[in-house]
Amino acid sequence: MEVLTLQLGHFANHVGAHFWNFQDEAAAQESEDSSIDHARLFHYSEAAKAVTWRPRLVAVDKQGALGGAGPAIETQAEAKEPDEGMWLGKLEVLRAAPVVKHAFQEDLEDEEMEEEVESERRGVKTWAEYDFRNTVRTWTDFLKVQLGSVYELPRVQHGISPFPFFFEGLEVQGREEEESILDLARRQTELCDQAEVVQAVYDMQDGFGGVADVVMRWAREELPKTGKFLMAVLPEEVPATDRPDPEMWGMSPQADVSTLALDYEASSWLSAAFSFARLQDCDIHAWVPTPVPLWSASSSMPQLERRNFYEASALPAAALDNALLPCRIRGLARPSQFLSQLAPSHRPCCGLLQALPLPAAPPPVLGQAPGGNDTLEAIFEAGAFVDLTGMKVMPLNPYTSVVLRSPEQRRLLNLTRTLPPLARKQSLVHHQPLILPVPFPQVFASSVSSDGSLEKGRDPGQEVESCPMVTRLHAAMGAGKCEALQRMSAVLKRTSVFAAMRQRYGVEADEIREVLEVVTDHMECAADSSDDDDDISE
Amino acid sequence: MVTVVNSKADVLKAAQALAVNLNAAKGLQEVMKSNLGPRGTLKMLVGGAGQIKITKDGSVLLGEMQIQHPTASMIARAASAQDEFTGDGTTSSVMFIGELMKLAEQSLAEGLHPRLIAEGFELAREETVKFLDTFKIHVDEPLKEREKLVCVARTSLRTKIAPSLADPMAEVVVDAVRTIKKEGEPMDLNMVETLHIKNKLITDTRLVKGLVLDHGARHPDMPKRLENCYILCCNVSLEYEKSEVNAGFFYSSAEQREKLVDSERKFTDEKVKKIIELKKRVCTEENGKSFVIINQKGIDPPSLEMLAHENIIALRRAKRRNMERLPLVCGGQAVNSVDDLDVDDLGHADLVYEQSLEDDKFTFIEGVKNPQSCTVLIQGSTDHAIAQMKDAIKDGLRAVQNTVEDEALVPGAGAFEIAAHVHLEQFKKSVEGKPRLGVEIFGKSLLVVPKTLLENSGLDVQEKLLRVLSERENKNKVVGISVANGDPIDPAAEGIYDNFLVKKQMLGLAPVLAEQLLLVDEVIRAGKSMKSDGGMQG
């Protein structure tokens, strides 16, 4: 019943890093709570007297994007070893400027050295002391888990080589890169007794969309019966001045070698559209677009810096962790079954709402059943939900999954009371609030207390350590209002796109029209399904 | 026109554009120069986090370099194309382009129009390609000329690793290629598996006439070693399959649920039973045969249990490529269904055994008759040594393959470049008008390879080069340069050979790119939306 995770792209890896931090935190709570089956996400092995838990993960990023960690975490010892006479001639040593380890990583290492450090030390340093917001350079800086299979795309240098479009990623096909990536994935599946879920996070705005396509095609072939969940992320545009782009040839630095006649935004959505259209024949069950620029504001997180990869990626990570919790709980139906019922077949587009923290239940109103006023709509209206996808919510959607993490387990019944039976079947409550690992950005309003309650508030200097939360995953219906698809179709309809695409990638107008058709089809499917929704609900 | 489309584009005009291109070409040449030849410098790249890469291969180095300059990346791409197509000559190509541009610069400064130089290049290129055809040494039935093949492989390998390692490896790659060559069919180098094990010494690298898989049986009771084995190579899922229908089943009691699970399980069990039946049929006590299954799809624990009970080794999730290799190694054929299995479908190997190293397991399939696929098993104690060996072996294999396919060789040690230079000096006289200058530049540029060979060996470039040139002019025989003392040598006597294809490809790519770069009179860099700049501080 294993879950294979794929992280494709730089922002996706940020999301992934937060995700694994959550898992690490949850595993630490194991003794108190054994309902979560960690072996689904982690591979356990016992070699050389050391017990290791390695994520069942394949991560792909650009070269140099790993910062201080690098792929060769374990090879430092051998660096001192002399060469075994591989070459008798001269040796020239070229050193890159050494990357200083992030303070957080150093402390993690210390902790590993002296294993028997009391657990109190774990919380000694706080988020504010590490100053993650200003010091995190890349995702390996705040990651708590050791990753196994990380692959850096050769020839694509982080911050230097452009990798701007879907087709650039598709070019790995037939090359060494494809074989290496797929072999990593194969080795991970070889370790699984019975893979049940493939969950992927990928950057949809650039070449990683193409890489995702290649990998998902492999998954369709090799893991035909698994449930496939894709989260397509798209970061806020990075200001040009943040990119290392010295004035090498006497030009102003604001320019970027990207698609002619297409600005960053248009090219992102165009790339996303191609990736979306091509993924449609990969048998995926759920496709959740979470583009940062389209997020609705949330009053509970006033300080969130959306342009900061480290901070912006924390929200989708929490949502991913929570929404897919049913895949990791022991004793439920098979995870692949859960995923295949998330959305109607061939309509994988899903919306995702998240309330972090979840406000407490309102006091009962006289004359109403207790908890009668505790509804998802009420929480929505109170502004506690962040809409991560920009998709309209249809109240009676049977393809809904509500996952609640709160000690008040009865609340799930209240919250899902108005939902159709299928949706209630797909919903779940877990008795523990989400525990926030130290590197989770503290972007909460001051009214949120350290245990995530909205009433008490917290003292300055105190940090939020855990949060009750709820996510709502809802499919297809209302997809007509899906912002992501609307953006895609708007760009696809531009006439300037045709010429630019032909010139740059040799894509004919027909192909663009086909993509537009797929996108439009998925946008319009909302109309028919909302007609028969009356029949499905009671 | 483009500036109209995108007003943010940057533009460089004529002379400036040319200067930019010249600098890029020269810069790249400077970096790559010290790599060339058996006396070149090995480069050790130390990454920011201390990760090490050791290489001397031009294409590997280009892949690692952070090339931002558009012209430089164009040259790098051309050189990489050269590598992809022929597996060698990356460094020479970069040097050749650089030299062409450098020498052209002087004439340009004197006011010669780039167009005329380009015309001269074109004339010279055609003539040199013609000359190459007369210069090559024809090899009849190269597969039978083992000695010559070993020479080619050695020439290639000696530029990558020390001679004491290169010489035995040359035999390895030649034997590997001779194993996989099938009469009348194009050669597929993929049929040589290169696998590395981090163990022992790099000198333990060897050719395995058979197949080595990088995984082992996932059941503790399975045998670790079997002799005289039948091998079943299949692509059949032996995992518990869930039913295709998405609709949930509603069961009213635990027994009903059990029943459903049982019936689903039965489907998989049937398949396993069929295989076991076959095993019982073909492996009798009299013939003392045993049975091994290599499956491309998964095998879950209950199935493994059943197979282990029958003393069968079963491996799951084999590489897709190995499913092609396996029938070539041990006969039989890959099957996609367990129905109608017959003894003809099975392959044979004398010995199958498992070796485990820490966390990793390896399965060796050895002792096969007439293998048409094989494994080069690289062993070494450090990752970077393994990587270096891998690159060397890859290039060696390509060199042998090229020879077999070309049925021709070119004397090495710079002999071709020297001869072509002398030939062009003659040809120049027949060219009328200004393009003659282009021909002259071309001829001089060819000498960059012997010049650099001398330079890297620390010898007097002018003196030695003149000696070799006059040797060629006066005696009109094939002369190369000895890297030991710079004296003229006969490459054939020393066993130094290059590939015909590599030279031809270099002549096809490099001058054309140089011409293009010379003719560029405008460089436009696409702009992008400036929209983001406003909100940056906010």
# chains A, B, ... in the order shown; residues from 1 in each chain; ligands from 1

$ select_by_dssp --residues "range 433-520 of chain B" --states "strand (DSSP E)" --output "VMD selection string"
chain B and resid 480 to 481 488 to 489 497 to 499

$ residues_around --residues "Asn308 in chain A" --least-positions-apart "5" --cutoff "12 Å" --atoms "only C-alpha atoms" --output "list in words"
Phe11, His14, Phe132, Arg133, Asn134, Thr135, Val136, Arg137, Thr138, Trp139, Pro235, Glu236, Glu237, Val238, Pro239, Asp242, Val292, Gln303, Ser313, Ala314 and Pro441 of chain A; Met536 of chain B

$ residues_around --residues "Arg472 in chain B" --least-positions-apart "4" --cutoff "8 Å" --atoms "only C-alpha atoms" --output "ChimeraX atom specification"
/B:418-419,422,468,476-479

$ residues_around --residues "range 504-516 of chain A" --least-positions-apart "5" --cutoff "9 Å" --atoms "only C-alpha atoms" --output "number ranges by chain"
A: 167, 259-260, 273-274, 276-278, 488-489, 492-493, 497-499, 521

$ select_by_dssp --residues "range 246-315 of chain B" --states "helix (DSSP H, G or I)" --output "PyMOL selection string"
chain B and resi 254-282+301-309

$ write_last_selection --atoms "N, CA, C and O atoms" --output "short mmCIF file (atom, residue, chain, number, x, y, z; two decimals), in the first residue's frame"
data_model
loop_
_atom_site.label_atom_id
_atom_site.label_comp_id
_atom_site.auth_asym_id
_atom_site.auth_seq_id
_atom_site.Cartn_x
_atom_site.Cartn_y
_atom_site.Cartn_z
N ALA B 254 -18.56 -8.39 7.64
CA ALA B 254 -17.13 -8.61 7.47
C ALA B 254 -16.87 -9.79 6.54
O ALA B 254 -15.94 -9.78 5.74
N GLU B 255 -17.73 -10.82 6.64
CA GLU B 255 -17.51 -12.00 5.79
C GLU B 255 -17.59 -11.63 4.32
O GLU B 255 -16.81 -12.07 3.50
N GLN B 256 -18.57 -10.78 4.03
CA GLN B 256 -18.74 -10.39 2.64
C GLN B 256 -17.50 -9.68 2.11
O GLN B 256 -17.07 -9.92 0.99
N ARG B 257 -16.95 -8.86 2.96
CA ARG B 257 -15.77 -8.11 2.55
C ARG B 257 -14.62 -9.09 2.30
O ARG B 257 -13.93 -9.02 1.29
N GLU B 258 -14.44 -10.00 3.23
CA GLU B 258 -13.40 -11.01 3.09
C GLU B 258 -13.53 -11.75 1.78
O GLU B 258 -12.57 -11.97 1.05
N LYS B 259 -14.77 -12.10 1.48
CA LYS B 259 -15.07 -12.87 0.29
C LYS B 259 -14.62 -12.11 -0.96
O LYS B 259 -14.00 -12.66 -1.86
N LEU B 260 -14.95 -10.84 -0.96
CA LEU B 260 -14.60 -10.00 -2.09
C LEU B 260 -13.09 -9.93 -2.25
O LEU B 260 -12.54 -10.11 -3.33
N VAL B 261 -12.42 -9.70 -1.14
CA VAL B 261 -10.96 -9.62 -1.16
C VAL B 261 -10.39 -10.94 -1.67
O VAL B 261 -9.49 -10.97 -2.51
N ASP B 262 -10.95 -12.05 -1.17
CA ASP B 262 -10.47 -13.37 -1.60
C ASP B 262 -10.59 -13.55 -3.10
O ASP B 262 -9.69 -14.03 -3.76
N SER B 263 -11.74 -13.16 -3.61
CA SER B 263 -11.97 -13.39 -5.04
C SER B 263 -11.02 -12.53 -5.87
O SER B 263 -10.58 -12.94 -6.94
N GLU B 264 -10.71 -11.35 -5.35
CA GLU B 264 -9.75 -10.52 -6.07
C GLU B 264 -8.34 -11.12 -5.99
O GLU B 264 -7.60 -11.11 -6.96
N ARG B 265 -8.03 -11.63 -4.84
CA ARG B 265 -6.72 -12.23 -4.62
C ARG B 265 -6.53 -13.46 -5.52
O ARG B 265 -5.44 -13.73 -6.00
N LYS B 266 -7.61 -14.18 -5.72
CA LYS B 266 -7.57 -15.42 -6.47
C LYS B 266 -7.00 -15.19 -7.88
O LYS B 266 -6.24 -15.99 -8.41
N PHE B 267 -7.38 -14.08 -8.45
CA PHE B 267 -6.97 -13.72 -9.80
C PHE B 267 -5.44 -13.72 -9.92
O PHE B 267 -4.86 -14.26 -10.85
N THR B 268 -4.79 -13.12 -8.93
CA THR B 268 -3.33 -13.06 -8.94
C THR B 268 -2.74 -14.44 -8.65
O THR B 268 -1.79 -14.88 -9.30
N ASP B 269 -3.35 -15.12 -7.68
CA ASP B 269 -2.84 -16.44 -7.32
C ASP B 269 -2.84 -17.39 -8.51
O ASP B 269 -1.91 -18.19 -8.68
N GLU B 270 -3.89 -17.28 -9.32
CA GLU B 270 -3.96 -18.14 -10.50
C GLU B 270 -2.72 -17.98 -11.37
O GLU B 270 -2.16 -18.96 -11.86
N LYS B 271 -2.33 -16.73 -11.54
CA LYS B 271 -1.19 -16.47 -12.41
C LYS B 271 0.08 -17.08 -11.83
O LYS B 271 0.88 -17.68 -12.54
N VAL B 272 0.24 -16.92 -10.52
CA VAL B 272 1.42 -17.48 -9.87
C VAL B 272 1.40 -19.00 -10.00
O VAL B 272 2.43 -19.63 -10.28
N LYS B 273 0.23 -19.56 -9.83
CA LYS B 273 0.12 -21.03 -9.91
C LYS B 273 0.52 -21.53 -11.28
O LYS B 273 1.14 -22.58 -11.41
N LYS B 274 0.15 -20.78 -12.30
CA LYS B 274 0.50 -21.20 -13.66
C LYS B 274 2.01 -21.27 -13.83
O LYS B 274 2.54 -22.16 -14.48
N ILE B 275 2.68 -20.30 -13.24
CA ILE B 275 4.14 -20.29 -13.36
C ILE B 275 4.72 -21.48 -12.59
O ILE B 275 5.62 -22.18 -13.06
N ILE B 276 4.16 -21.72 -11.41
CA ILE B 276 4.66 -22.83 -10.61
C ILE B 276 4.43 -24.17 -11.33
O ILE B 276 5.29 -25.05 -11.33
N GLU B 277 3.28 -24.27 -11.99
CA GLU B 277 2.99 -25.47 -12.77
C GLU B 277 4.08 -25.71 -13.81
O GLU B 277 4.58 -26.83 -13.97
N LEU B 278 4.41 -24.63 -14.51
CA LEU B 278 5.45 -24.74 -15.54
C LEU B 278 6.75 -25.20 -14.91
O LEU B 278 7.44 -26.07 -15.42
N LYS B 279 7.06 -24.62 -13.77
CA LYS B 279 8.31 -24.97 -13.10
C LYS B 279 8.33 -26.46 -12.79
O LYS B 279 9.33 -27.15 -13.01
N LYS B 280 7.20 -26.95 -12.28
CA LYS B 280 7.15 -28.36 -11.90
C LYS B 280 7.31 -29.26 -13.12
O LYS B 280 7.84 -30.35 -13.06
N ARG B 281 6.80 -28.73 -14.26
CA ARG B 281 6.86 -29.52 -15.49
C ARG B 281 8.30 -29.61 -16.02
O ARG B 281 8.75 -30.66 -16.44
N VAL B 282 9.00 -28.47 -16.00
CA VAL B 282 10.31 -28.46 -16.66
C VAL B 282 11.47 -28.80 -15.73
O VAL B 282 12.50 -29.26 -16.19
N PRO B 301 4.10 -9.55 -1.70
CA PRO B 301 4.60 -10.54 -0.75
C PRO B 301 3.89 -11.90 -0.80
O PRO B 301 4.58 -12.92 -0.76
N PRO B 302 2.54 -11.97 -0.88
CA PRO B 302 1.95 -13.31 -0.95
C PRO B 302 2.45 -14.11 -2.15
O PRO B 302 2.69 -15.32 -2.04
N SER B 303 2.61 -13.43 -3.29
CA SER B 303 3.10 -14.14 -4.47
C SER B 303 4.54 -14.58 -4.26
O SER B 303 4.92 -15.69 -4.63
N LEU B 304 5.34 -13.69 -3.67
CA LEU B 304 6.73 -14.04 -3.41
C LEU B 304 6.80 -15.27 -2.50
O LEU B 304 7.60 -16.18 -2.71
N GLU B 305 5.92 -15.27 -1.52
CA GLU B 305 5.85 -16.37 -0.57
C GLU B 305 5.62 -17.70 -1.30
O GLU B 305 6.31 -18.69 -1.08
N MET B 306 4.63 -17.68 -2.20
CA MET B 306 4.31 -18.90 -2.95
C MET B 306 5.51 -19.36 -3.77
O MET B 306 5.80 -20.55 -3.87
N LEU B 307 6.20 -18.38 -4.38
CA LEU B 307 7.32 -18.73 -5.23
C LEU B 307 8.52 -19.21 -4.42
O LEU B 307 9.21 -20.16 -4.79
N ALA B 308 8.73 -18.55 -3.27
CA ALA B 308 9.84 -18.95 -2.41
C ALA B 308 9.64 -20.38 -1.94
O ALA B 308 10.59 -21.16 -1.82
N HIS B 309 8.39 -20.73 -1.71
CA HIS B 309 8.06 -22.07 -1.25
C HIS B 309 8.50 -23.12 -2.28
O HIS B 309 8.84 -24.24 -1.95
#

$ atom_distance --atom1 "CA of Pro335 in chain A" --atom2 "CA of Gly452 in chain A"
29.0 Å

$ closest_residue --among "A:Cys327, A:Leu230, A:Ala272, A:Leu415" --to "Cys349 in chain A" --atoms "only C-alpha atoms"
A:Leu230

$ closest_residue --among "B:Leu28, B:Leu509, B:Leu328, B:Gln372" --to "Ala81 in chain B" --atoms "only C-alpha atoms"
B:Leu509

$ residues_around --residues "Pro395 in chain A" --least-positions-apart "2" --cutoff "8 Å" --atoms "only C-alpha atoms" --output "compact mmCIF listing (two decimals) with N, CA, C and O atoms, in the first residue's frame"
# COMPACT_ATOMS: atom_id res chain seq x y z
N VAL A 393 -16.75 26.95 -5.43
CA VAL A 393 -17.21 25.77 -4.70
C VAL A 393 -18.69 25.57 -4.96
O VAL A 393 -19.48 26.50 -4.82
N ASN A 397 -21.67 19.28 -4.25
CA ASN A 397 -20.78 18.46 -5.07
C ASN A 397 -20.53 17.11 -4.40
O ASN A 397 -19.99 17.03 -3.31
N LEU A 419 -23.49 17.66 2.85
CA LEU A 419 -22.86 17.09 1.66
C LEU A 419 -23.52 15.78 1.27
O LEU A 419 -24.07 15.08 2.11

$ residues_around --residues "Gly67 in chain A" --least-positions-apart "2" --cutoff "9 Å" --atoms "only C-alpha atoms" --output "ChimeraX atom specification"
/A:64-65,69-70,99-101,137-141 /B:48-49

$ residues_around --residues "range 282-284 of chain A" --least-positions-apart "5" --cutoff "12 Å" --atoms "only C-alpha atoms" --output "PDB file with N, CA and C atoms, in the first residue's frame"
ATOM      1  N   VAL A 197      -0.310   4.477  -4.632  1.00  0.00           N
ATOM      2  CA  VAL A 197      -0.549   5.869  -4.989  1.00  0.00           C
ATOM      3  C   VAL A 197       0.721   6.487  -5.577  1.00  0.00           C
ATOM      4  N   VAL A 198       0.536   7.254  -6.631  1.00  0.00           N
ATOM      5  CA  VAL A 198       1.624   8.096  -7.105  1.00  0.00           C
ATOM      6  C   VAL A 198       1.178   9.526  -6.854  1.00  0.00           C
ATOM      7  N   GLN A 199       1.852  10.223  -5.956  1.00  0.00           N
ATOM      8  CA  GLN A 199       1.501  11.621  -5.735  1.00  0.00           C
ATOM      9  C   GLN A 199       2.645  12.489  -6.257  1.00  0.00           C
ATOM     10  N   ALA A 200       2.295  13.436  -7.086  1.00  0.00           N
ATOM     11  CA  ALA A 200       3.345  14.233  -7.713  1.00  0.00           C
ATOM     12  C   ALA A 200       3.079  15.706  -7.503  1.00  0.00           C
ATOM     13  N   ALA A 212       7.397  16.118 -15.995  1.00  0.00           N
ATOM     14  CA  ALA A 212       6.265  15.444 -15.342  1.00  0.00           C
ATOM     15  C   ALA A 212       5.542  14.564 -16.345  1.00  0.00           C
ATOM     16  N   ASP A 213       5.405  15.073 -17.545  1.00  0.00           N
ATOM     17  CA  ASP A 213       4.730  14.314 -18.592  1.00  0.00           C
ATOM     18  C   ASP A 213       5.454  12.989 -18.839  1.00  0.00           C
ATOM     19  N   VAL A 214       6.758  13.081 -18.961  1.00  0.00           N
ATOM     20  CA  VAL A 214       7.556  11.879 -19.216  1.00  0.00           C
ATOM     21  C   VAL A 214       7.384  10.877 -18.073  1.00  0.00           C
ATOM     22  N   VAL A 215       7.450  11.368 -16.845  1.00  0.00           N
ATOM     23  CA  VAL A 215       7.382  10.459 -15.697  1.00  0.00           C
ATOM     24  C   VAL A 215       5.980   9.867 -15.555  1.00  0.00           C
ATOM     25  N   MET A 216       4.947  10.689 -15.774  1.00  0.00           N
ATOM     26  CA  MET A 216       3.588  10.173 -15.605  1.00  0.00           C
ATOM     27  C   MET A 216       3.261   9.142 -16.684  1.00  0.00           C
ATOM     28  N   ARG A 217       3.829   9.333 -17.867  1.00  0.00           N
ATOM     29  CA  ARG A 217       3.636   8.331 -18.911  1.00  0.00           C
ATOM     30  C   ARG A 217       4.260   6.994 -18.507  1.00  0.00           C
ATOM     31  N   TRP A 218       5.408   7.117 -17.877  1.00  0.00           N
ATOM     32  CA  TRP A 218       6.044   5.904 -17.356  1.00  0.00           C
ATOM     33  C   TRP A 218       5.145   5.261 -16.304  1.00  0.00           C
ATOM     34  N   ALA A 219       4.592   6.095 -15.407  1.00  0.00           N
ATOM     35  CA  ALA A 219       3.759   5.572 -14.317  1.00  0.00           C
ATOM     36  C   ALA A 219       2.512   4.882 -14.869  1.00  0.00           C
ATOM     37  N   ARG A 220       1.969   5.452 -15.937  1.00  0.00           N
ATOM     38  CA  ARG A 220       0.774   4.835 -16.522  1.00  0.00           C
ATOM     39  C   ARG A 220       1.095   3.423 -17.012  1.00  0.00           C
ATOM     40  N   GLU A 221       2.291   3.269 -17.605  1.00  0.00           N
ATOM     41  CA  GLU A 221       2.701   1.965 -18.117  1.00  0.00           C
ATOM     42  C   GLU A 221       3.014   0.986 -16.990  1.00  0.00           C
ATOM     43  N   GLU A 222       3.831   1.461 -16.055  1.00  0.00           N
ATOM     44  CA  GLU A 222       4.401   0.545 -15.074  1.00  0.00           C
ATOM     45  C   GLU A 222       3.546   0.385 -13.827  1.00  0.00           C
ATOM     46  N   LEU A 223       2.761   1.388 -13.512  1.00  0.00           N
ATOM     47  CA  LEU A 223       1.929   1.308 -12.312  1.00  0.00           C
ATOM     48  C   LEU A 223       0.473   1.579 -12.692  1.00  0.00           C
ATOM     49  N   PRO A 224      -0.079   0.741 -13.538  1.00  0.00           N
ATOM     50  CA  PRO A 224      -1.385   1.067 -14.108  1.00  0.00           C
ATOM     51  C   PRO A 224      -2.516   1.141 -13.082  1.00  0.00           C
ATOM     52  N   LYS A 225      -2.377   0.392 -11.982  1.00  0.00           N
ATOM     53  CA  LYS A 225      -3.511   0.335 -11.065  1.00  0.00           C
ATOM     54  C   LYS A 225      -3.409   1.330  -9.917  1.00  0.00           C
ATOM     55  N   THR A 226      -2.402   2.153  -9.929  1.00  0.00           N
ATOM     56  CA  THR A 226      -2.261   3.066  -8.796  1.00  0.00           C
ATOM     57  C   THR A 226      -3.166   4.279  -8.966  1.00  0.00           C
ATOM     58  N   GLY A 227      -3.449   4.911  -7.848  1.00  0.00           N
ATOM     59  CA  GLY A 227      -4.154   6.180  -7.891  1.00  0.00           C
ATOM     60  C   GLY A 227      -3.127   7.272  -8.158  1.00  0.00           C
ATOM     61  N   LYS A 228      -3.469   8.208  -9.024  1.00  0.00           N
ATOM     62  CA  LYS A 228      -2.477   9.224  -9.362  1.00  0.00           C
ATOM     63  C   LYS A 228      -3.003  10.615  -9.027  1.00  0.00           C
ATOM     64  N   PHE A 229      -2.277  11.281  -8.157  1.00  0.00           N
ATOM     65  CA  PHE A 229      -2.670  12.597  -7.673  1.00  0.00           C
ATOM     66  C   PHE A 229      -1.588  13.593  -8.055  1.00  0.00           C
ATOM     67  N   LEU A 230      -1.985  14.620  -8.784  1.00  0.00           N
ATOM     68  CA  LEU A 230      -0.997  15.610  -9.204  1.00  0.00           C
ATOM     69  C   LEU A 230      -1.321  16.976  -8.636  1.00  0.00           C
ATOM     70  N   MET A 231      -0.329  17.593  -8.058  1.00  0.00           N
ATOM     71  CA  MET A 231      -0.499  18.966  -7.633  1.00  0.00           C
ATOM     72  C   MET A 231       0.402  19.812  -8.531  1.00  0.00           C
ATOM     73  N   SER A 275       0.961  21.265 -20.723  1.00  0.00           N
ATOM     74  CA  SER A 275       1.179  20.172 -19.786  1.00  0.00           C
ATOM     75  C   SER A 275      -0.160  19.565 -19.366  1.00  0.00           C
ATOM     76  N   PHE A 276      -1.148  20.417 -19.097  1.00  0.00           N
ATOM     77  CA  PHE A 276      -2.463  19.927 -18.679  1.00  0.00           C
ATOM     78  C   PHE A 276      -3.090  19.054 -19.766  1.00  0.00           C
ATOM     79  N   ALA A 277      -3.033  19.552 -21.005  1.00  0.00           N
ATOM     80  CA  ALA A 277      -3.676  18.824 -22.100  1.00  0.00           C
ATOM     81  C   ALA A 277      -3.017  17.467 -22.312  1.00  0.00           C
ATOM     82  N   SER A 336      -5.803   3.800  -3.439  1.00  0.00           N
ATOM     83  CA  SER A 336      -6.081   4.024  -4.862  1.00  0.00           C
ATOM     84  C   SER A 336      -7.579   4.207  -5.078  1.00  0.00           C
ATOM     85  N   LEU A 339      -8.527   7.746  -4.099  1.00  0.00           N
ATOM     86  CA  LEU A 339      -8.156   8.721  -5.116  1.00  0.00           C
ATOM     87  C   LEU A 339      -9.041   8.630  -6.349  1.00  0.00           C
ATOM     88  N   SER A 340      -9.396   7.401  -6.726  1.00  0.00           N
ATOM     89  CA  SER A 340     -10.175   7.274  -7.953  1.00  0.00           C
ATOM     90  C   SER A 340     -11.589   7.815  -7.759  1.00  0.00           C
ATOM     91  N   GLN A 341     -12.002   7.988  -6.503  1.00  0.00           N
ATOM     92  CA  GLN A 341     -13.348   8.535  -6.276  1.00  0.00           C
ATOM     93  C   GLN A 341     -13.327  10.031  -5.971  1.00  0.00           C
ATOM     94  N   LEU A 342     -12.156  10.614  -6.073  1.00  0.00           N
ATOM     95  CA  LEU A 342     -12.080  12.053  -5.791  1.00  0.00           C
ATOM     96  C   LEU A 342     -12.757  12.870  -6.877  1.00  0.00           C
ATOM     97  N   ALA A 343     -12.646  12.386  -8.107  1.00  0.00           N
ATOM     98  CA  ALA A 343     -13.183  13.156  -9.221  1.00  0.00           C
ATOM     99  C   ALA A 343     -13.830  12.181 -10.197  1.00  0.00           C
ATOM    100  N   PRO A 344     -14.787  12.664 -10.994  1.00  0.00           N
ATOM    101  CA  PRO A 344     -15.357  11.794 -12.024  1.00  0.00           C
ATOM    102  C   PRO A 344     -14.252  11.360 -12.980  1.00  0.00           C
ATOM    103  N   SER A 345     -14.414  10.202 -13.615  1.00  0.00           N
ATOM    104  CA  SER A 345     -13.322   9.745 -14.463  1.00  0.00           C
ATOM    105  C   SER A 345     -13.125  10.710 -15.627  1.00  0.00           C
ATOM    106  N   HIS A 346     -11.890  10.905 -15.987  1.00  0.00           N
ATOM    107  CA  HIS A 346     -11.464  11.809 -17.066  1.00  0.00           C
ATOM    108  C   HIS A 346     -11.786  13.275 -16.809  1.00  0.00           C
ATOM    109  N   ARG A 347     -12.169  13.605 -15.601  1.00  0.00           N
ATOM    110  CA  ARG A 347     -12.319  15.021 -15.239  1.00  0.00           C
ATOM    111  C   ARG A 347     -11.504  15.266 -13.990  1.00  0.00           C
ATOM    112  N   PRO A 348     -10.192  15.212 -14.106  1.00  0.00           N
ATOM    113  CA  PRO A 348      -9.380  15.198 -12.882  1.00  0.00           C
ATOM    114  C   PRO A 348      -9.218  16.552 -12.203  1.00  0.00           C
ATOM    115  N   CYS A 349      -9.697  17.605 -12.851  1.00  0.00           N
ATOM    116  CA  CYS A 349      -9.438  18.924 -12.295  1.00  0.00           C
ATOM    117  C   CYS A 349     -10.132  19.119 -10.938  1.00  0.00           C
ATOM    118  N   CYS A 350      -9.365  19.444  -9.922  1.00  0.00           N
ATOM    119  CA  CYS A 350      -9.923  19.599  -8.576  1.00  0.00           C
ATOM    120  C   CYS A 350      -9.518  20.940  -7.974  1.00  0.00           C
TER     121      CYS A 350
END

$ closest_residue --among "A:Ala312, A:Leu428, A:Leu182, A:Ala317" --to "chain B" --atoms "only C-alpha atoms"
A:Leu182

$ atom_distance --atom1 "CA of Leu396 in chain A" --atom2 "CA of Lys425 in chain A"
14.0 Å
